[in-house]
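Chemist: File data12.txt follows (compact mmCIF, C-alpha atoms):
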# COMPACT_ATOMS: atom_id res chain seq x y z
CA MET E 1 0.00 0.00 0.00
CA LYS E 2 2.84 2.36 0.96
CA LYS E 3 4.57 1.61 -2.39
CA ASN E 4 1.39 2.47 -4.29
CA ILE E 5 1.06 5.77 -2.40
CA CYS E 6 4.69 6.65 -3.14
CA PHE E 7 4.29 5.75 -6.81
CA SER E 8 1.10 7.81 -7.10
CA PHE E 9 2.73 10.79 -5.40
CA GLY E 10 5.76 10.56 -7.69
CA LEU E 11 3.51 10.38 -10.76
CA VAL E 12 1.62 13.47 -9.66
CA VAL E 13 4.90 15.36 -9.18
CA LEU E 14 6.13 14.37 -12.64
CA LEU E 15 2.86 15.34 -14.28
CA THR E 16 2.97 18.69 -12.49
CA ILE E 17 6.52 19.33 -13.71
CA PHE E 18 5.67 18.49 -17.31
CA ALA E 19 2.49 20.54 -17.19
CA SER E 20 4.32 23.60 -15.91
CA ALA E 21 7.35 23.24 -18.21
CA PRO E 22 7.36 25.50 -21.29
CA SER E 23 6.68 23.79 -24.61
CA ALA E 24 9.39 25.91 -26.28
CA GLN E 25 7.12 26.07 -29.34
CA SER E 26 6.30 29.74 -28.81
CA LEU E 27 7.19 32.49 -26.39
CA ARG E 28 5.14 35.15 -24.66
CA ILE E 29 6.64 38.56 -25.41
CA ALA E 30 5.11 41.73 -24.03
CA SER E 31 5.98 45.37 -24.64
CA LYS E 32 7.34 47.55 -21.86
CA LYS E 33 7.82 51.17 -22.92
CA VAL E 34 10.12 53.30 -20.81
CA THR E 35 10.70 57.01 -21.41
CA TYR E 36 14.04 58.35 -20.22
CA THR E 37 14.77 62.02 -19.46
CA ARG E 38 18.19 63.37 -20.31
CA PRO E 39 19.71 65.44 -17.45
CA LYS E 40 21.31 67.90 -19.89
CA PRO E 41 19.47 67.81 -23.24
CA SER E 42 21.23 69.50 -26.15
CA SER E 43 17.87 70.73 -27.52
CA ASP E 44 14.17 70.60 -26.71
CA PHE E 45 13.43 67.52 -28.81
CA LYS E 46 16.35 65.74 -27.19
CA LYS E 47 14.88 65.99 -23.70
CA THR E 48 13.57 62.44 -23.74
CA PHE E 49 13.86 59.16 -25.62
CA THR E 50 11.73 56.03 -25.46
CA VAL E 51 12.77 52.38 -25.38
CA ASN E 52 10.17 49.68 -25.98
CA TYR E 53 11.60 46.59 -24.31
CA PRO E 54 10.58 43.05 -25.36
CA LYS E 55 9.74 41.34 -22.05
CA VAL E 56 9.88 37.54 -22.01
CA SER E 57 7.46 35.44 -19.96
CA GLY E 58 6.37 31.81 -19.82
CA VAL E 59 9.88 30.47 -19.24
CA ARG E 60 12.09 30.49 -16.18
CA GLY E 61 15.66 30.20 -14.96
CA ASN E 62 18.64 30.21 -17.30
CA LEU E 63 16.51 29.83 -20.42
CA ALA E 64 14.60 33.01 -19.58
CA LYS E 65 17.87 34.88 -19.00
CA LYS E 66 19.38 33.64 -22.26
CA LEU E 67 16.27 34.56 -24.26
CA ALA E 68 16.05 38.00 -22.67
CA TYR E 69 19.70 38.71 -23.47
CA SER E 70 19.49 37.33 -27.03
CA ILE E 71 16.70 39.77 -27.93
CA SER E 72 18.05 42.74 -25.98
CA TYR E 73 19.07 46.01 -27.63
CA GLN E 74 22.45 45.64 -25.99
CA LYS E 75 23.13 42.30 -27.66
CA VAL E 76 21.54 42.97 -31.06
CA LEU E 77 22.31 46.68 -31.61
CA ASN E 78 25.08 47.29 -29.07
CA PHE E 79 22.92 49.88 -27.29
CA ARG E 80 23.11 50.94 -23.65
CA VAL E 81 20.79 53.48 -22.08
CA ALA E 82 23.65 55.05 -20.15
CA ASP E 83 25.34 56.01 -23.43
CA GLU E 84 22.38 58.26 -24.33
CA LEU E 85 22.18 60.08 -20.99
CA GLY E 86 25.46 61.95 -21.42
CA GLU E 87 26.82 64.19 -24.16
CA TYR E 88 26.05 61.73 -26.93
CA GLN E 89 22.35 62.29 -27.72
CA TRP E 90 21.13 60.59 -30.87
CA LEU E 91 18.30 58.19 -29.98
CA GLU E 92 14.63 59.12 -30.17
CA GLU E 93 13.02 55.70 -30.05
CA ALA E 94 13.99 52.03 -29.85
CA ASP E 95 11.33 49.53 -30.83
CA PHE E 96 10.78 45.90 -31.82
CA SER E 97 8.36 43.75 -33.80
CA VAL E 98 7.86 39.99 -33.73
CA GLY E 99 7.67 38.45 -37.19
CA TYR E 100 7.36 34.80 -36.21
CA ASN E 101 6.89 32.96 -32.94
CA LYS E 102 5.98 29.31 -33.53
CA LYS E 103 7.48 25.84 -33.85
CA GLY E 104 10.32 26.67 -31.47
CA VAL E 105 11.46 29.56 -33.67
CA LEU E 106 11.40 33.26 -32.86
CA SER E 107 12.05 35.83 -35.58
CA ILE E 108 12.23 39.37 -34.21
CA TYR E 109 13.29 42.78 -35.56
CA LEU E 110 14.86 45.41 -33.30
CA SER E 111 15.39 48.99 -34.43
CA MET E 112 16.53 52.40 -33.25
CA THR E 113 15.61 55.78 -34.73
CA GLY E 114 17.55 58.94 -34.00
CA THR E 115 18.72 62.23 -35.40
CA ALA E 116 22.16 63.67 -36.01
CA ALA E 117 22.39 65.65 -39.26
CA HIS E 118 19.36 63.69 -40.48
CA GLN E 119 16.92 61.27 -38.95
CA THR E 120 17.97 57.68 -39.57
CA THR E 121 16.88 54.22 -38.51
CA VAL E 122 19.12 51.25 -37.87
CA GLY E 123 17.78 47.78 -37.24
CA LYS E 124 18.42 44.08 -37.44
CA ASN E 125 16.47 40.85 -37.75
CA ILE E 126 17.52 37.91 -35.61
CA VAL E 127 16.28 34.34 -35.32
CA VAL E 128 16.34 32.62 -31.94
CA ASP E 129 16.10 28.94 -31.03
CA LEU E 130 13.51 28.83 -28.23
CA LYS E 131 14.96 25.62 -26.82
CA THR E 132 18.42 27.05 -26.26
CA GLY E 133 17.57 30.74 -25.96
CA LYS E 134 20.39 31.61 -28.36
CA GLN E 135 20.47 33.51 -31.63
CA VAL E 136 20.93 31.26 -34.64
CA LYS E 137 23.69 32.13 -37.07
CA PRO E 138 23.46 31.38 -40.83
CA SER E 139 26.24 28.77 -40.70
CA VAL E 140 24.22 26.78 -38.14
CA VAL E 141 21.03 26.46 -40.20
CA PHE E 142 22.22 26.82 -43.81
CA THR E 143 24.54 24.66 -45.87
CA ASN E 144 26.44 25.46 -49.09
CA LEU E 145 26.61 29.14 -48.17
CA SER E 146 28.37 30.10 -51.39
CA GLY E 147 25.59 28.46 -53.40
CA LEU E 148 22.95 30.27 -51.35
CA VAL E 149 24.74 33.57 -51.92
CA ALA E 150 24.84 32.91 -55.67
CA LYS E 151 21.07 32.35 -55.67
CA LEU E 152 20.51 35.56 -53.73
CA LYS E 153 22.82 37.42 -56.12
CA GLU E 154 20.39 36.52 -58.91
CA ILE E 155 17.60 38.18 -56.94
CA GLN E 156 19.83 41.17 -56.27
CA ASN E 157 20.58 41.60 -59.96
CA GLN E 158 16.85 41.63 -60.67
CA ASP E 159 16.35 44.11 -57.85
CA ILE E 160 19.00 46.41 -59.29
CA THR E 161 17.59 46.19 -62.82
CA GLU E 162 14.13 47.10 -61.56
CA GLY E 163 15.60 49.85 -59.37
CA ILE E 164 17.36 51.45 -62.33
CA LYS E 165 14.11 51.46 -64.33
CA ILE E 166 12.30 53.22 -61.49
CA ILE E 167 15.06 55.82 -61.10
CA LYS E 168 15.19 56.56 -64.84
CA ALA E 169 11.41 56.97 -64.93
CA ASP E 170 11.44 59.47 -62.06
CA PRO E 171 11.80 63.03 -63.41
CA ASP E 172 13.44 64.18 -60.16
CA PHE E 173 16.20 61.55 -60.33
CA SER E 174 16.41 60.47 -63.98
CA ASN E 175 19.83 62.10 -64.37
CA GLU E 176 21.39 60.21 -61.47
CA ASN E 177 24.42 58.07 -62.33
CA THR E 178 23.00 54.61 -61.61
CA VAL E 179 26.33 52.94 -62.38
CA GLU E 180 27.87 54.80 -59.46
CA LEU E 181 24.87 54.18 -57.20
CA PHE E 182 25.08 50.42 -57.60
CA LYS E 183 28.85 50.14 -58.12
CA PHE E 184 29.49 48.46 -54.78
CA ALA E 185 26.31 46.37 -54.60
CA ASP E 186 27.54 42.84 -53.97
CA PHE E 187 25.67 40.35 -51.79
CA LYS E 188 28.20 38.28 -49.82
CA ILE E 189 28.19 35.57 -47.15
CA LEU E 190 28.35 38.17 -44.37
CA ASN E 191 25.05 39.58 -45.68
CA LEU E 192 23.30 36.31 -44.78
CA ASP E 193 23.32 37.50 -41.19
CA GLY E 194 20.14 39.28 -40.20
CA PHE E 195 17.76 36.87 -41.94
CA SER E 196 14.15 36.37 -40.86
CA VAL E 197 11.65 33.52 -41.23
CA ASN E 198 7.90 33.00 -41.44
CA ASP E 199 5.50 30.28 -42.55
CA ASP E 200 6.24 31.00 -46.22
CA GLY E 201 10.02 31.09 -46.26
CA VAL E 202 13.18 33.04 -45.43
CA SER E 203 13.99 36.70 -46.11
CA PHE E 204 17.37 38.37 -46.35
CA VAL E 205 18.08 42.10 -46.24
CA TYR E 206 20.67 44.12 -48.15
CA ASP E 207 21.47 47.80 -47.55
CA TYR E 208 22.59 49.51 -50.77
CA GLY E 209 23.95 52.45 -48.80
CA PHE E 210 22.54 55.28 -50.91
CA PRO E 211 23.29 58.84 -49.73
CA TYR E 212 20.59 60.27 -47.47
CA ILE E 213 19.16 62.59 -50.15
CA LEU E 214 18.63 59.57 -52.43
CA ARG E 215 17.17 57.17 -49.88
CA THR E 216 13.67 57.57 -51.35
CA ILE E 217 14.78 55.85 -54.56
CA GLU E 218 16.91 53.15 -52.93
CA PRO E 219 15.61 49.61 -53.61
CA GLY E 220 14.17 47.85 -50.58
CA GLY E 221 16.83 45.15 -50.66
CA ASN E 222 14.44 42.47 -49.37
CA TYR E 223 15.28 39.11 -50.89
CA PHE E 224 12.78 36.33 -50.25
CA LEU E 225 13.10 32.57 -50.86
CA SER E 226 10.17 30.23 -50.29
CA TRP E 227 10.80 27.06 -48.29
CA ARG E 228 10.74 25.13 -51.56
CA GLU E 229 13.37 27.40 -53.09
CA ILE E 230 15.67 27.39 -50.08
CA LYS E 231 15.23 23.70 -49.27
CA PRO E 232 18.56 22.61 -50.86
CA PHE E 233 20.38 25.02 -48.53
CA ILE E 234 18.72 24.03 -45.27
CA LYS E 235 20.57 21.80 -42.81
CA ARG E 236 18.10 19.01 -42.02
CA PRO E 237 19.18 18.48 -38.38
CA GLY E 238 19.14 22.23 -37.80
CA LEU E 239 16.44 24.50 -36.40
CA LEU E 240 14.89 25.16 -39.83
CA GLY E 241 14.89 21.53 -40.97
CA LYS E 242 11.29 21.13 -39.76
CA PHE E 243 10.11 23.58 -42.44
CA VAL E 244 11.40 21.55 -45.41
CA ARG E 245 10.60 17.95 -44.56
Give the structure from the file, written as structure tokens.

Modeler:
Amino acid sequence: MKKNICFSFGLVVLLTIFASAPSAQSLRIASKKVTYTRPKPSSDFKKTFTVNYPKVSGVRGNLAKKLAYSISYQKVLNFRVADELGEYQWLEEADFSVGYNKKGVLSIYLSMTGTAAHQTTVGKNIVVDLKTGKQVKPSVVFTNLSGLVAKLKEIQNQDITEGIKIIKADPDFSNENTVELFKFADFKILNLDGFSVNDDGVSFVYDYGFPYILRTIEPGGNYFLSWREIKPFIKRPGLLGKFVR
């Protein structure tokens, strides 16, 4: 009888543990906006800046800490609040958006907008493995990186061709030297970093680096491959293997 009681108690404990353990299939992320006041603002519109923090819940312990750090502005964009409270005053707003949060995969975009000579925005997509809490690098989930780059170069060439047509058709910019504008456009392996995923496939981003006054005619630089198209370049045992079975 005592053995049966012990067994039953142990079973209840195990069931409780499994029921409370996170599935690691998705993650609860809430927004927490904090407005900071600069002690010595350089101008009126520099008095404050706002940071919208992605707050993780539904997981505990080391996994929660790893996830929180992986999607922090400090880790992704090398940003620290303290840096903006002194003489250096650029930031106006830091924000994030979740693009995908299923099947153990989190795809999130973090950005910062600020003003120096002109207002600019910098941002980056990252993909996180919800089981490990760590950001996933291209070399971990993709194979034949040179082949993948070659395929993306084809998309880039199409993007440039279409971009030139749009520029030439715009009366305000038709005289721009498009050869010079696209002279250094060259998608490389390092540009694989900053990819994002969703149910349809994988997207890569390329910044053409146009001068500020020409940013309105700069191509978007968003290169998308469906899961069928990118399947030959996916490592089957990797995090993204589940999308191409």

Chemist: Work out how far CA of Leu130 (chain E) is from CA of Leu110 (chain E), in Å to one decimal.

Modeler: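 Computing it gives 17.4 Å between the two atoms.
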
Chemist: For Gly238 (chain E), please output as a CSV table (one decimal) with C-alpha atoms, in the frame of the given file all residues within 12 Å (counting all atoms listed in the file; exclusion window: fewer than 2 positions along the same chain).

Modeler:
chain,number,residue,atom,x,y,z
E,104,GLY,CA,10.3,26.7,-31.5
E,105,VAL,CA,11.5,29.6,-33.7
E,129,ASP,CA,16.1,28.9,-31.0
E,136,VAL,CA,20.9,31.3,-34.6
E,137,LYS,CA,23.7,32.1,-37.1
E,138,PRO,CA,23.5,31.4,-40.8
E,139,SER,CA,26.2,28.8,-40.7
E,140,VAL,CA,24.2,26.8,-38.1
E,141,VAL,CA,21.0,26.5,-40.2
E,142,PHE,CA,22.2,26.8,-43.8
E,143,THR,CA,24.5,24.7,-45.9
E,233,PHE,CA,20.4,25.0,-48.5
E,234,ILE,CA,18.7,24.0,-45.3
E,235,LYS,CA,20.6,21.8,-42.8
E,236,ARG,CA,18.1,19.0,-42.0
E,240,LEU,CA,14.9,25.2,-39.8
E,241,GLY,CA,14.9,21.5,-41.0
E,242,LYS,CA,11.3,21.1,-39.8
E,243,PHE,CA,10.1,23.6,-42.4
E,244,VAL,CA,11.4,21.6,-45.4
E,245,ARG,CA,10.6,18.0,-44.6

Chemist: Can you pull out the residues contacting Met112 (chain E)? Cut-off 9 Å, using only C-alpha atoms, and skip same-chain residues under 4 positions away; I want them as number ranges by chain.

Modeler: E: 51, 73, 77, 91-96, 120-123

Chemist: Residues near Gly163 (chain E), anyone? I mean within 10 Å using only C-alpha atoms, not counting same-chain ones fewer than 3 positions away, as a ChimeraX atom specification.

Modeler: /E:157-160,166-169,178,182,217-221

Chemist: So how many Å separate CA of Phe224 (chain E) and CA of Phe204 (chain E), to one decimal?

Modeler: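 It comes out at 6.4 Å.
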